[in-house]
Each structure stands twice: as structure tokens, then as C-alpha cells.
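Enquirer: The file below is target37.cif, mmCIF, C-alpha atoms:
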data_work
loop_
_atom_site.label_atom_id
_atom_site.label_comp_id
_atom_site.auth_asym_id
_atom_site.auth_seq_id
_atom_site.Cartn_x
_atom_site.Cartn_y
_atom_site.Cartn_z
CA MET A 1 -26.20 -24.46 92.47
CA LYS A 2 -22.53 -25.20 93.13
CA LYS A 3 -19.65 -23.08 91.94
CA ILE A 4 -16.65 -25.09 90.75
CA VAL A 5 -13.18 -23.60 90.41
CA SER A 6 -10.39 -25.56 88.79
CA ILE A 7 -6.88 -25.06 87.43
CA VAL A 8 -6.14 -26.79 84.14
CA ALA A 9 -2.92 -26.26 82.15
CA GLY A 10 -2.06 -23.29 84.37
CA VAL A 11 -5.30 -21.46 83.54
CA LEU A 12 -7.86 -20.71 86.25
CA LEU A 13 -11.31 -21.73 85.11
CA SER A 14 -14.67 -21.45 86.72
CA PHE A 15 -18.00 -22.74 85.59
CA SER A 16 -21.40 -23.38 87.05
CA LEU A 17 -22.49 -26.92 87.80
CA PHE A 18 -26.17 -27.58 88.37
CA ALA A 19 -27.90 -30.55 89.92
CA GLU A 20 -27.99 -33.74 87.90
CA GLY A 21 -30.89 -33.74 85.50
CA SER A 22 -31.13 -29.94 85.47
CA LYS A 23 -31.87 -28.31 82.15
CA GLU A 24 -29.98 -25.20 83.16
CA TYR A 25 -26.96 -24.11 81.16
CA VAL A 26 -23.57 -25.41 82.28
CA LYS A 27 -20.62 -23.29 81.25
CA GLN A 28 -17.58 -25.23 80.06
CA GLU A 29 -14.56 -23.65 78.52
CA ILE A 30 -11.51 -24.36 76.45
CA ASN A 31 -8.65 -24.21 78.88
CA ALA A 32 -6.27 -21.83 77.06
CA ASN A 33 -5.64 -20.01 73.80
CA ASP A 34 -2.40 -21.97 73.27
CA ARG A 35 -1.97 -25.77 73.48
CA CYS A 36 -5.71 -25.99 73.98
CA LEU A 37 -7.57 -28.76 75.74
CA PRO A 38 -11.25 -28.94 76.61
CA THR A 39 -11.86 -28.72 80.34
CA PHE A 40 -13.25 -32.27 80.19
CA TYR A 41 -10.15 -33.79 78.57
CA GLU A 42 -9.40 -36.04 81.54
CA SER A 43 -12.82 -37.63 81.09
CA ILE A 44 -11.91 -38.42 77.48
CA LEU A 45 -8.61 -39.99 78.55
CA LYS A 46 -10.41 -42.26 81.01
CA LYS A 47 -12.42 -43.67 78.11
CA TRP A 48 -9.31 -44.70 76.22
CA GLU A 49 -9.07 -48.47 76.16
CA PHE A 50 -6.71 -49.04 73.20
CA SER A 51 -8.91 -51.97 72.29
CA MET A 52 -6.23 -53.59 70.12
CA GLY A 53 -3.28 -52.71 72.34
CA TRP A 54 -0.87 -55.31 73.68
CA LYS A 55 -2.25 -57.71 76.24
CA ASP A 56 -0.74 -61.01 77.28
CA GLY A 57 -1.50 -63.55 74.60
CA ASN A 58 -0.33 -64.86 71.25
CA PRO A 59 2.11 -62.23 69.89
CA LYS A 60 1.82 -63.41 66.28
CA LYS A 61 -1.95 -63.27 66.32
CA TRP A 62 -1.86 -59.85 68.00
CA LYS A 63 0.63 -58.52 65.48
CA LYS A 64 -1.38 -59.71 62.50
CA ALA A 65 -4.55 -57.97 63.68
CA GLY A 66 -2.69 -54.87 64.88
CA LEU A 67 -0.79 -54.40 61.65
CA GLU A 68 -3.95 -54.75 59.63
CA LYS A 69 -5.62 -52.00 61.68
CA ALA A 70 -2.53 -49.76 61.78
CA ARG A 71 -2.05 -49.95 58.02
CA GLU A 72 -5.74 -49.30 57.48
CA LEU A 73 -5.63 -46.11 59.56
CA ILE A 74 -2.16 -44.86 58.62
CA ILE A 75 -1.48 -45.94 55.03
CA GLN A 76 -4.34 -44.60 52.94
CA ASN A 77 -3.51 -46.14 49.58
CA GLU A 78 -1.23 -48.83 48.22
CA ASP A 79 1.18 -47.31 45.70
CA LYS A 80 3.21 -49.39 43.27
CA THR A 81 4.41 -46.59 40.98
CA PRO A 82 7.79 -47.44 39.38
CA PHE A 83 10.58 -45.47 41.10
CA ASP A 84 12.35 -44.54 37.84
CA MET A 85 15.47 -43.15 39.55
CA VAL A 86 17.76 -40.69 37.77
CA VAL A 87 21.12 -39.42 39.05
CA ILE A 88 21.40 -35.66 38.42
CA ALA A 89 24.65 -34.81 40.26
CA GLU A 90 27.40 -36.49 42.25
CA GLU A 91 30.40 -35.72 44.40
CA GLN A 92 33.19 -38.04 45.52
CA ARG A 93 33.80 -37.96 49.26
CA GLU A 94 36.31 -39.79 51.41
CA GLY A 95 35.36 -43.45 51.05
CA TYR A 96 31.96 -42.91 49.47
CA LYS A 97 30.11 -41.13 46.69
CA ALA A 98 27.32 -38.58 47.30
CA GLN A 99 24.64 -38.42 44.65
CA LYS A 100 21.62 -36.25 44.08
CA VAL A 101 18.93 -38.56 42.75
CA VAL A 102 15.34 -38.07 41.68
CA PHE A 103 12.72 -40.81 42.00
CA ASN A 104 8.95 -41.30 42.21
CA ILE A 105 8.06 -41.58 45.87
CA SER A 106 4.39 -41.83 44.94
CA ALA A 107 2.08 -41.57 41.97
CA GLU A 108 1.82 -37.85 42.73
CA SER A 109 5.32 -36.84 43.81
CA ARG A 110 8.76 -37.10 42.24
CA VAL A 111 11.36 -36.12 44.84
CA LEU A 112 14.99 -35.06 45.05
CA ALA A 113 17.07 -37.06 47.53
CA TYR A 114 20.65 -37.64 48.66
CA LEU A 115 22.07 -41.11 48.13
CA LEU A 116 25.44 -42.03 49.64
CA ILE A 117 27.18 -45.12 48.23
CA PRO A 118 30.38 -46.50 49.82
CA ASP A 119 33.18 -47.16 47.36
CA GLY A 120 32.91 -50.70 46.04
CA ALA A 121 29.57 -51.29 47.74
CA LYS A 122 28.03 -54.63 46.84
CA LYS A 123 25.15 -56.03 48.87
CA ALA A 124 25.97 -53.57 51.64
CA PRO A 125 23.80 -52.71 54.66
CA ALA A 126 21.65 -49.62 54.22
CA ALA A 127 20.19 -46.82 56.33
CA LEU A 128 17.16 -44.65 55.59
CA MET A 129 17.64 -41.33 57.39
CA LEU A 130 14.44 -39.74 58.75
CA HIS A 131 14.82 -36.04 59.52
CA ASP A 132 13.27 -34.12 62.38
CA HIS A 133 10.58 -31.45 62.42
CA GLY A 134 12.27 -28.62 64.30
CA SER A 135 9.91 -25.99 62.85
CA LYS A 136 12.69 -25.56 60.30
CA PHE A 137 11.30 -26.15 56.83
CA THR A 138 13.96 -24.77 54.47
CA ILE A 139 16.04 -27.92 54.97
CA GLY A 140 14.95 -31.54 55.45
CA LYS A 141 17.20 -34.18 53.89
CA GLU A 142 20.11 -31.80 54.51
CA LYS A 143 19.66 -32.20 58.27
CA MET A 144 20.95 -35.77 57.97
CA VAL A 145 23.27 -35.68 54.94
CA LYS A 146 25.74 -32.95 54.03
CA PRO A 147 24.43 -31.11 50.97
CA PHE A 148 26.51 -30.07 47.97
CA GLY A 149 26.16 -27.97 44.83
CA ASP A 150 27.45 -24.83 43.13
CA THR A 151 24.48 -22.48 43.32
CA GLU A 152 23.80 -19.72 45.83
CA GLU A 153 20.84 -21.73 47.09
CA ASP A 154 23.11 -24.75 47.63
CA ALA A 155 25.52 -22.62 49.66
CA LYS A 156 22.66 -21.30 51.77
CA LYS A 157 21.41 -24.81 52.49
CA LEU A 158 24.91 -25.96 53.41
CA ALA A 159 25.24 -23.15 55.95
CA GLU A 160 21.82 -23.93 57.45
CA ALA A 161 22.61 -27.66 57.57
CA GLU A 162 25.94 -27.09 59.29
CA ASN A 163 24.24 -24.94 61.92
CA TRP A 164 21.66 -27.69 62.46
CA ALA A 165 24.36 -30.34 62.79
CA ALA A 166 26.18 -28.19 65.35
CA ARG A 167 22.98 -27.67 67.33
CA TYR A 168 21.71 -31.25 67.50
CA PHE A 169 24.35 -33.72 66.25
CA GLY A 170 27.68 -32.60 67.66
CA GLU A 171 28.65 -31.02 64.31
CA ARG A 172 28.24 -34.35 62.52
CA PHE A 173 26.05 -35.30 59.58
CA VAL A 174 24.68 -38.60 60.82
CA GLY A 175 24.05 -40.00 57.35
CA ASP A 176 27.61 -39.29 56.26
CA GLU A 177 28.94 -40.95 59.41
CA MET A 178 27.04 -44.10 58.47
CA ALA A 179 28.27 -44.00 54.88
CA LYS A 180 31.85 -43.90 56.21
CA GLN A 181 31.05 -47.15 58.02
CA GLY A 182 29.90 -48.88 54.86
CA TYR A 183 26.15 -48.16 54.75
CA VAL A 184 24.28 -47.14 51.62
CA VAL A 185 22.39 -44.08 52.88
CA LEU A 186 19.23 -42.38 51.62
CA SER A 187 17.86 -39.06 52.88
CA PHE A 188 14.81 -37.34 51.40
CA ASP A 189 12.44 -34.49 52.26
CA ALA A 190 9.13 -35.17 53.95
CA LEU A 191 6.26 -33.17 52.46
CA GLY A 192 6.67 -29.55 53.57
CA TRP A 193 10.45 -29.59 54.08
CA GLY A 194 13.44 -28.66 51.91
CA ASP A 195 12.75 -28.90 48.19
CA ARG A 196 9.15 -29.90 48.94
CA SER A 197 8.39 -26.67 50.77
CA VAL A 198 7.71 -23.12 49.60
CA ASP A 199 9.06 -19.70 50.54
CA GLY A 200 7.25 -18.44 53.62
CA PHE A 201 6.07 -21.86 54.80
CA LYS A 202 6.08 -21.68 58.58
CA THR A 203 4.75 -23.38 61.69
CA GLY A 204 1.24 -21.97 61.25
CA SER A 205 1.11 -23.11 57.62
CA GLN A 206 0.85 -26.70 58.81
CA GLN A 207 -2.64 -26.11 60.19
CA SER A 208 -3.88 -25.19 56.73
CA LEU A 209 -2.04 -28.10 55.11
CA GLY A 210 -3.21 -30.58 57.73
CA SER A 211 -6.81 -29.38 57.66
CA ASN A 212 -7.01 -29.41 53.87
CA LEU A 213 -5.65 -32.95 53.73
CA PHE A 214 -8.18 -34.08 56.35
CA ASN A 215 -10.88 -32.52 54.16
CA MET A 216 -9.61 -34.57 51.21
CA GLY A 217 -9.95 -37.82 53.12
CA THR A 218 -6.27 -38.24 53.95
CA SER A 219 -3.82 -36.76 56.47
CA PHE A 220 -0.46 -35.03 56.68
CA ALA A 221 0.85 -37.78 58.98
CA GLY A 222 -0.55 -40.49 56.72
CA ILE A 223 1.22 -39.12 53.64
CA ILE A 224 4.51 -38.91 55.56
CA ALA A 225 4.12 -42.50 56.78
CA GLN A 226 3.23 -43.83 53.34
CA GLU A 227 6.16 -42.04 51.72
CA ASP A 228 8.52 -43.38 54.40
CA CYS A 229 7.38 -46.88 53.44
CA ARG A 230 7.96 -46.14 49.77
CA ALA A 231 11.42 -44.71 50.47
CA ALA A 232 12.30 -47.87 52.39
CA LYS A 233 11.19 -50.02 49.46
CA PHE A 234 13.17 -47.86 47.04
CA LEU A 235 16.33 -48.15 49.16
CA ALA A 236 15.93 -51.91 49.51
CA SER A 237 15.53 -52.22 45.73
CA LEU A 238 18.96 -50.73 44.93
CA PRO A 239 21.49 -53.23 43.54
CA GLN A 240 24.18 -52.17 46.06
CA VAL A 241 21.93 -53.01 49.03
CA ASP A 242 21.52 -56.20 51.05
CA LYS A 243 17.74 -56.44 51.42
CA LYS A 244 18.12 -58.24 54.75
CA LYS A 245 20.02 -55.32 56.26
CA VAL A 246 17.97 -52.15 55.81
CA ALA A 247 17.68 -49.91 58.86
CA CYS A 248 15.78 -46.72 59.51
CA VAL A 249 17.37 -44.03 61.69
CA GLY A 250 15.46 -41.00 62.92
CA PHE A 251 15.77 -38.09 65.35
CA SER A 252 12.90 -36.20 67.04
CA MET A 253 9.94 -36.38 64.63
CA GLY A 254 12.22 -38.69 62.69
CA GLY A 255 12.37 -40.89 65.79
CA PHE A 256 8.57 -41.13 65.71
CA ARG A 257 8.80 -41.93 62.00
CA SER A 258 11.47 -44.56 62.66
CA TRP A 259 9.54 -46.81 65.07
CA GLN A 260 6.38 -46.29 63.04
CA LEU A 261 8.16 -47.29 59.83
CA ALA A 262 9.82 -50.31 61.42
CA ALA A 263 6.34 -51.50 62.34
CA LEU A 264 4.64 -50.79 59.02
CA SER A 265 7.31 -51.71 56.47
CA ASP A 266 8.43 -55.23 55.61
CA ASP A 267 11.48 -53.68 53.89
CA ILE A 268 12.90 -52.33 57.16
CA THR A 269 14.77 -54.95 59.17
CA ALA A 270 16.00 -52.81 62.11
CA GLY A 271 15.38 -49.37 63.54
CA ILE A 272 16.95 -46.63 65.66
CA ALA A 273 14.56 -44.08 67.16
CA VAL A 274 16.05 -41.08 68.95
CA CYS A 275 14.25 -38.54 71.14
CA TRP A 276 10.62 -39.27 70.31
CA PHE A 277 8.79 -41.95 72.24
CA GLY A 278 6.19 -42.24 74.94
CA THR A 279 2.54 -43.02 75.53
CA MET A 280 -0.32 -40.96 74.16
CA LYS A 281 -1.47 -40.06 77.66
CA GLY A 282 2.11 -39.27 78.58
CA HIS A 283 2.19 -36.60 75.87
CA ILE A 284 -1.00 -34.93 77.04
CA LYS A 285 0.82 -32.86 79.62
CA ILE A 286 0.94 -29.13 80.26
CA GLY A 287 3.36 -27.56 77.78
CA ASP A 288 3.86 -30.66 75.65
CA GLY A 289 4.61 -30.02 72.00
CA GLN A 290 1.87 -32.39 70.83
CA LEU A 291 -0.67 -29.93 72.24
CA LYS A 292 0.53 -27.03 70.10
CA GLY A 293 -1.53 -28.23 67.18
CA ASN A 294 0.36 -26.96 64.14
CA SER A 295 3.47 -29.12 64.42
CA ALA A 296 1.49 -32.10 65.67
CA PHE A 297 -0.38 -32.59 62.37
CA SER A 298 2.66 -34.38 60.95
CA MET A 299 2.26 -37.12 63.58
CA LEU A 300 -1.50 -37.31 64.18
CA HIS A 301 -3.48 -40.22 62.73
CA PRO A 302 -7.23 -39.71 63.23
CA THR A 303 -9.00 -42.28 65.46
CA ILE A 304 -5.96 -44.51 66.02
CA ALA A 305 -6.21 -43.81 69.78
CA LYS A 306 -9.34 -45.97 69.83
CA PHE A 307 -7.22 -48.98 69.00
CA LEU A 308 -3.46 -48.61 69.58
CA ASP A 309 -1.20 -46.55 71.82
CA TYR A 310 2.22 -45.35 70.56
CA PRO A 311 4.14 -48.23 72.16
CA ASP A 312 1.59 -50.67 70.69
CA VAL A 313 2.35 -49.36 67.20
CA ALA A 314 6.09 -49.54 67.88
CA GLY A 315 5.58 -53.05 69.26
CA LEU A 316 4.26 -54.21 65.91
CA ALA A 317 7.89 -54.07 64.76
CA ALA A 318 8.80 -56.97 67.07
CA PRO A 319 10.84 -59.14 66.78
CA LYS A 320 12.94 -56.83 64.59
CA PRO A 321 15.96 -55.25 66.32
CA MET A 322 15.05 -51.80 67.72
CA TYR A 323 17.03 -49.25 69.68
CA PHE A 324 15.22 -46.39 71.47
CA ILE A 325 17.23 -43.46 72.86
CA GLY A 326 15.81 -40.71 75.10
CA GLY A 327 16.92 -38.29 77.80
CA THR A 328 15.52 -37.22 81.15
CA ASP A 329 15.94 -33.52 80.26
CA ASP A 330 14.32 -33.81 76.84
CA ALA A 331 11.63 -31.11 76.82
CA VAL A 332 9.83 -32.82 73.91
CA ASN A 333 9.29 -36.17 75.63
CA PRO A 334 7.90 -36.36 79.21
CA THR A 335 10.07 -38.82 81.11
CA GLU A 336 7.26 -40.75 82.79
CA GLY A 337 5.57 -41.40 79.47
CA THR A 338 8.84 -42.61 77.98
CA LYS A 339 9.39 -44.99 80.89
CA GLU A 340 5.84 -46.38 80.55
CA ALA A 341 6.32 -46.88 76.81
CA TYR A 342 9.63 -48.68 77.41
CA GLU A 343 7.91 -51.06 79.82
CA ILE A 344 5.27 -51.92 77.22
CA VAL A 345 7.69 -52.58 74.35
CA HIS A 346 9.86 -54.75 76.59
CA LYS A 347 6.82 -56.90 77.34
CA ILE A 348 6.09 -57.23 73.62
CA TRP A 349 9.64 -58.17 72.62
CA LYS A 350 9.80 -60.59 75.54
CA ALA A 351 6.58 -62.25 74.39
CA ASN A 352 8.22 -62.63 70.98
CA LYS A 353 11.26 -64.25 72.64
CA ALA A 354 13.38 -61.44 71.21
CA GLU A 355 14.11 -59.17 74.16
CA ASP A 356 17.81 -59.40 73.31
CA LYS A 357 17.01 -57.51 70.09
CA LEU A 358 15.47 -54.56 71.95
CA LYS A 359 17.54 -51.82 73.57
CA THR A 360 15.98 -48.87 75.39
CA GLU A 361 18.07 -46.08 76.85
CA LEU A 362 17.04 -43.09 78.96
CA ILE A 363 20.10 -40.92 79.46
CA GLU A 364 20.23 -39.09 82.80
CA GLY A 365 20.43 -35.39 81.98
CA GLY A 366 20.10 -36.14 78.27
CA GLU A 367 18.55 -33.34 76.24
CA HIS A 368 16.84 -33.22 72.85
CA ALA A 369 19.87 -34.12 70.76
CA PHE A 370 21.64 -37.03 69.07
CA LEU A 371 25.22 -36.47 70.11
CA PRO A 372 28.34 -38.33 68.90
CA GLU A 373 28.44 -40.62 71.94
CA GLN A 374 24.89 -41.84 71.28
CA GLN A 375 25.57 -42.03 67.55
CA ASP A 376 28.59 -44.27 68.10
CA SER A 377 26.62 -46.43 70.52
CA SER A 378 23.79 -46.90 68.03
CA PHE A 379 26.18 -47.61 65.13
CA ALA A 380 27.94 -50.30 67.19
CA TRP A 381 24.59 -51.80 68.19
CA LEU A 382 23.38 -51.87 64.57
CA ALA A 383 26.61 -53.45 63.37
CA GLU A 384 26.11 -56.18 65.94
CA GLN A 385 22.55 -56.81 64.74
CA PHE A 386 23.65 -56.95 61.10
CA LYS A 387 26.77 -59.01 61.92
#
Starting from the coordinates I provided, produce the structure as C-alpha cells.

Expert:
Amino acid sequence: MKKIVSIVAGVLLSFSLFAEGSKEYVKQEINANDRCLPTFYESILKKWEFSMGWKDGNPKKWKKAGLEKARELIIQNEDKTPFDMVVIAEEQREGYKAQKVVFNISAESRVLAYLLIPDGAKKAPAALMLHDHGSKFTIGKEKMVKPFGDTEEDAKKLAEAENWAARYFGERFVGDEMAKQGYVVLSFDALGWGDRSVDGFKTGSQQSLGSNLFNMGTSFAGIIAQEDCRAAKFLASLPQVDKKKVACVGFSMGGFRSWQLAALSDDITAGIAVCWFGTMKGHIKIGDGQLKGNSAFSMLHPTIAKFLDYPDVAGLAAPKPMYFIGGTDDAVNPTEGTKEAYEIVHKIWKANKAEDKLKTELIEGGEHAFLPEQQDSSFAWLAEQFK
């Protein structure tokens, strides 16, 4: 009998390994009580083939098959419920109007959202703002658009939103900045955030929500993805919007949502994804947030790893214009995985003869934030794409 000692995820493990064919017991352990992996996880990774991932070939044929599989695994049900929008409050701001609107985002959910409309807007470009995770559930849409209202609850949300903007966005509300530049802007809460949350909802609550949705034959991540598609269709349907110029803009988890949505939705014509990109293997690293479990449910699609890696899914958006922004000091996104993902999407856009429509940026020393300099760069890039 041999005694094997190994170090996995910073935890010293030991287990007994018997001769091949032995019927003796072999002890194998989970590697930690936080960010758990089985001790044999590297063996699982070696089996990953991403059978429908990008390989040199016909990009149109690849995209058709890949989109069919991605939509099958991510979008559980087609929903054509009428949106039936109602404006419930509005506030005039400098150069644009802020509205609180309610609409049917699905057959099951009627949501409250912020809609920003530039003065005199007629067939204007539009931007769907996709908020982050942040383990901050009391605000969602307010992370991207400045909230308003006269109640004590409104004042509380405004204070929280301003603190969030100071922490991650250089004291700006990104959605409002885009409205000032002439974009019709929509920001809504993903399930579990803002007005779609509940007092006391916290990081651990997501495990219960995610598990219960799995047990009902759907997923937390799938519902978020489907609702993002519906929100894009709603935004594109507004009379003030030019359907050919509808972008999605997201930070952190919203960055994940942005490249995913650009791939899945025919209503999105360009995308900006900030501070969430990489390969699946690149995110299975000691300390990575994806291994924490609770927060990962919002981005985990069961079995998709058999077929498509993250950059493969993002690549299904080609040849649409896409801008990816990351930083070398971003604790959420391992740099090597981001670089590998960038290499893959460049190959896909090149195969589509559209590499000029793809921009990838890895800022030296850049942290997990979307600061004014990067905002201005992305706005200028998008204006160029939309002419």
C-alpha cells in the first residue's frame, strides 16, 4: 500500500491508494469546507472537450449549431407575453427624462424598471444596463441608474446607490452618463435584487433559491438569461429606439450577462462587457469566486461545459461589435484565463471577417471597477460602431 500526500487549494490531504484492481477502500476527500472541490477535480477537467466549441471551420455553420445548443441549455422556455408597459412616475433631468415603468418581463413576473429617454428622442440608440452581483441585494437597477422618489425607502436606495457608484464607477451612474449622450436607457432588477428581493436575503439565500429552481427543472442563471433577452426585446420595441442600435452594457456579473446576452439575443446589436470574462478552467483556481457556490448560482448553467466554454458562448455573438474590458489586478477574473479567452474570441471574430468589430482590453493594474476613463473609452467605441 502506498501513502499519498497532496496539497489542493491550500489544504493538506492524505489518502490511501491501493494497487490497481484492489477491492480495498480508498479514502478520497473534499478539499476544503469553503470553495470546495473534490480531490479528483483535475481529472474531471482533463475530460472537458467542449465538443461544440470553436474549431477552425465554417463560422456560420458553427454559430447555427452552437446557438441552438446554447439556447436549449440556457433559455428554458420561449415567452411571448405582451409587455404592457405603464409609466408610474417620472422626473426631468438635464437633457433627459427619468421614468419608473412597470412591464411584464415574463408570464410570471411584472417588474419595476428605470427608463431614461433623451429629450426629443426619435429612433435613438439604446443601452440595456446589466447590473453586477456584488453580494448586495437591496439595490439592483439602482447600481446603474440614479434612483428617485419621495419615500424613506427611496432615500435609502439613493444613498446606497451613491455609495456603490463611488466604490465602482468613479461616482458616476453609468446609465445616466449614456442618457446624456443620447441613448435610451433601461435598467431593471435581476431576480433576487432590488424590488425583486426580500428583507434578509443574503449571500447564503442564493443556495436555497438556486437549489429549489434546479429541483423545478430550471435554474437561477437560466431565468436571469431569459429575462435579459426579454428586457432587450422590450427596449428594442420602444418607439423612441432605433432597433438597429441596441447595446447591452454590463459590469462584473453584468459583464457575464452582457456577452451572454449579445450571443443569445437577436435584439442586441452590440455589447460592452466589463470585468467578467475568462475560460471555465481559468476560473477553477484557488480562491476564485466561482468556487464559493452561493454567488455562482446566478451564472451556472448545468451541463453546458460538455459543449461550450465561456469564450465559445461569447463568440456566438460574432460578428456583432463587442468590447471586453478587464484588469490584471481584478481579483474576480484570473488574468491567464482572461488572456486565453481573448485569444479564442479573436479567432472567432477573425473567422467571421469582423475582427475590426472586436476590442479586448486588459488594463495593467486595473482592478474590479468600471472607472470614468474606461467608461468614456467604451462610449466612444460604441458611438463609432453605431455611427

Enquirer: Applied to the shown file, which residues does the PyMOL selection byres ((chain A and resi 336) around 12) return, written as a list in words?

Expert: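 Evaluating the PyMOL selection byres ((chain A and resi 336) around 12) on this file yields Phe277, Gly278, Thr279, Met280, Lys281, Gly282, His283, Ile284, Lys285, Gly326, Gly327, Thr328, Asp329, Asp330, Asn333, Pro334, Thr335, Gly337, Thr338, Lys339, Glu340, Ala341, Tyr342, Glu343 and Leu362 of chain A.
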
Enquirer: Any chance you could resolve the PyMOL selection byres ((chain A and resi 368-380) around 6) against this file and give the residues as a list in words?

Expert: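 This file gives the following for the PyMOL selection byres ((chain A and resi 368-380) around 6): Tyr168, Phe169, Gly170, Asp330, Glu367, Trp381, Leu382 and Ala383 of chain A.
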
Enquirer: Which neighbours of range 64-71 of chain A fall inside 10 Å, counting only C-alpha atoms, when residues of the same chain fewer than 6 positions from it are skipped, and could you give them as JSON, numbers by chain?

Expert: {"A": [52, 53, 54, 77, 78, 222, 225, 226, 260, 263, 264, 265, 301, 304, 307, 308, 312, 313, 315, 316, 317]}

Enquirer: Please measure the separation of CA of Lys180 in chain A and CA of Lys97 in chain A, giving the value in Å to one decimal.

Expert: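 Distance between the two atoms: 10.1 Å.
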
Enquirer: When the PyMOL selection byres ((chain A and resi 218) around 10) is applied to the file above, which residues end up in the set, as a short mmCIF file (atom, residue, chain, number, x, y, z; two decimals) with C-alpha atoms, in the frame of the given file?

Expert:
data_model
loop_
_atom_site.label_atom_id
_atom_site.label_comp_id
_atom_site.auth_asym_id
_atom_site.auth_seq_id
_atom_site.Cartn_x
_atom_site.Cartn_y
_atom_site.Cartn_z
CA LEU A 73 -5.63 -46.11 59.56
CA ILE A 74 -2.16 -44.86 58.62
CA ILE A 75 -1.48 -45.94 55.03
CA GLN A 76 -4.34 -44.60 52.94
CA ASN A 77 -3.51 -46.14 49.58
CA GLY A 210 -3.21 -30.58 57.73
CA SER A 211 -6.81 -29.38 57.66
CA ASN A 212 -7.01 -29.41 53.87
CA LEU A 213 -5.65 -32.95 53.73
CA PHE A 214 -8.18 -34.08 56.35
CA ASN A 215 -10.88 -32.52 54.16
CA MET A 216 -9.61 -34.57 51.21
CA GLY A 217 -9.95 -37.82 53.12
CA SER A 219 -3.82 -36.76 56.47
CA PHE A 220 -0.46 -35.03 56.68
CA ALA A 221 0.85 -37.78 58.98
CA GLY A 222 -0.55 -40.49 56.72
CA ILE A 223 1.22 -39.12 53.64
CA HIS A 301 -3.48 -40.22 62.73
CA PRO A 302 -7.23 -39.71 63.23
#

Enquirer: If I take CA of Ser237 in chain A and CA of Leu112 in chain A, how far is one from the other in Å, to one decimal?

Expert: 17.2 Å

Enquirer: Report the distance between CA of Asn31 in chain A and CA of Glu49 in chain A in Å, rounded to one decimal place.

Expert: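 One can read the CA of Asn31 in chain A to CA of Glu49 in chain A distance as 24.4 Å.
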
Enquirer: Just want the 12 Å neighbourhood of range 103-111 of chain A, counted on all atoms listed in the file, with same-chain residues fewer than 6 positions away dropped. Output as number ranges by chain.

Expert: A: 77-88, 141, 186-197, 223-235

Enquirer: Restricting the output to C-alpha atoms, write the selected residues as a short mmCIF file (atom, residue, chain, number, x, y, z; two decimals), in the frame of the given file.

Expert:
data_model
loop_
_atom_site.label_atom_id
_atom_site.label_comp_id
_atom_site.auth_asym_id
_atom_site.auth_seq_id
_atom_site.Cartn_x
_atom_site.Cartn_y
_atom_site.Cartn_z
CA ASN A 77 -3.51 -46.14 49.58
CA GLU A 78 -1.23 -48.83 48.22
CA ASP A 79 1.18 -47.31 45.70
CA LYS A 80 3.21 -49.39 43.27
CA THR A 81 4.41 -46.59 40.98
CA PRO A 82 7.79 -47.44 39.38
CA PHE A 83 10.58 -45.47 41.10
CA ASP A 84 12.35 -44.54 37.84
CA MET A 85 15.47 -43.15 39.55
CA VAL A 86 17.76 -40.69 37.77
CA VAL A 87 21.12 -39.42 39.05
CA ILE A 88 21.40 -35.66 38.42
CA LYS A 141 17.20 -34.18 53.89
CA LEU A 186 19.23 -42.38 51.62
CA SER A 187 17.86 -39.06 52.88
CA PHE A 188 14.81 -37.34 51.40
CA ASP A 189 12.44 -34.49 52.26
CA ALA A 190 9.13 -35.17 53.95
CA LEU A 191 6.26 -33.17 52.46
CA GLY A 192 6.67 -29.55 53.57
CA TRP A 193 10.45 -29.59 54.08
CA GLY A 194 13.44 -28.66 51.91
CA ASP A 195 12.75 -28.90 48.19
CA ARG A 196 9.15 -29.90 48.94
CA SER A 197 8.39 -26.67 50.77
CA ILE A 223 1.22 -39.12 53.64
CA ILE A 224 4.51 -38.91 55.56
CA ALA A 225 4.12 -42.50 56.78
CA GLN A 226 3.23 -43.83 53.34
CA GLU A 227 6.16 -42.04 51.72
CA ASP A 228 8.52 -43.38 54.40
CA CYS A 229 7.38 -46.88 53.44
CA ARG A 230 7.96 -46.14 49.77
CA ALA A 231 11.42 -44.71 50.47
CA ALA A 232 12.30 -47.87 52.39
CA LYS A 233 11.19 -50.02 49.46
CA PHE A 234 13.17 -47.86 47.04
CA LEU A 235 16.33 -48.15 49.16
#

Enquirer: Considering all atoms listed in the file, state which residue in the set A:Gly134, A:Gly182, A:Gly175, A:Gly200 is at the smallest distance from Ala296 in chain A.

Expert: A:Gly134

Enquirer: Using only C-alpha atoms, can you tell me which of A:Lys123, A:Lys243, A:Lys143, A:His346 comes closest to Leu358 in chain A?

Expert: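 The answer is A:His346, which sits nearest to Leu358 in chain A.
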
Enquirer: What box, with edges along x, y and z, holds each listed atom of range 269-273 of chain A when 4 Å is added on every side, and can you state its centre and edge lengths in Å to one decimal, as JSON?

Expert:
{"center_x": 15.8, "center_y": -49.5, "center_z": 63.2, "size_x": 10.4, "size_y": 18.9, "size_z": 16.0}

Enquirer: Take the point (11.3, -59.0, 65.8) in the file's coordinates, draw a sphere of radius 7 Å around it, and report as a PyMOL selection string every protein, DNA or RNA residue with an atom inside or on it, counting only C-alpha atoms.

Expert: chain A and resi 317-321+354

Enquirer: For range 273-331 of chain A against range 245-254 of chain A, with a cut-off of 7 Å and counting all atoms listed in the file, what is the closest atom pair and its distance in Å to one decimal for every residue that makes the cut, ordered by chain and number, as a Markdown table?

Expert:
| residue | atom | partner | partner_atom | distance |
| --- | --- | --- | --- | --- |
| A:Ala273 | CA | A:Gly250 | CA | 5.3 |
| A:Val274 | CA | A:Phe251 | CA | 4.7 |
| A:Cys275 | CA | A:Ser252 | CA | 4.9 |
| A:Trp276 | CA | A:Ser252 | CA | 5.0 |
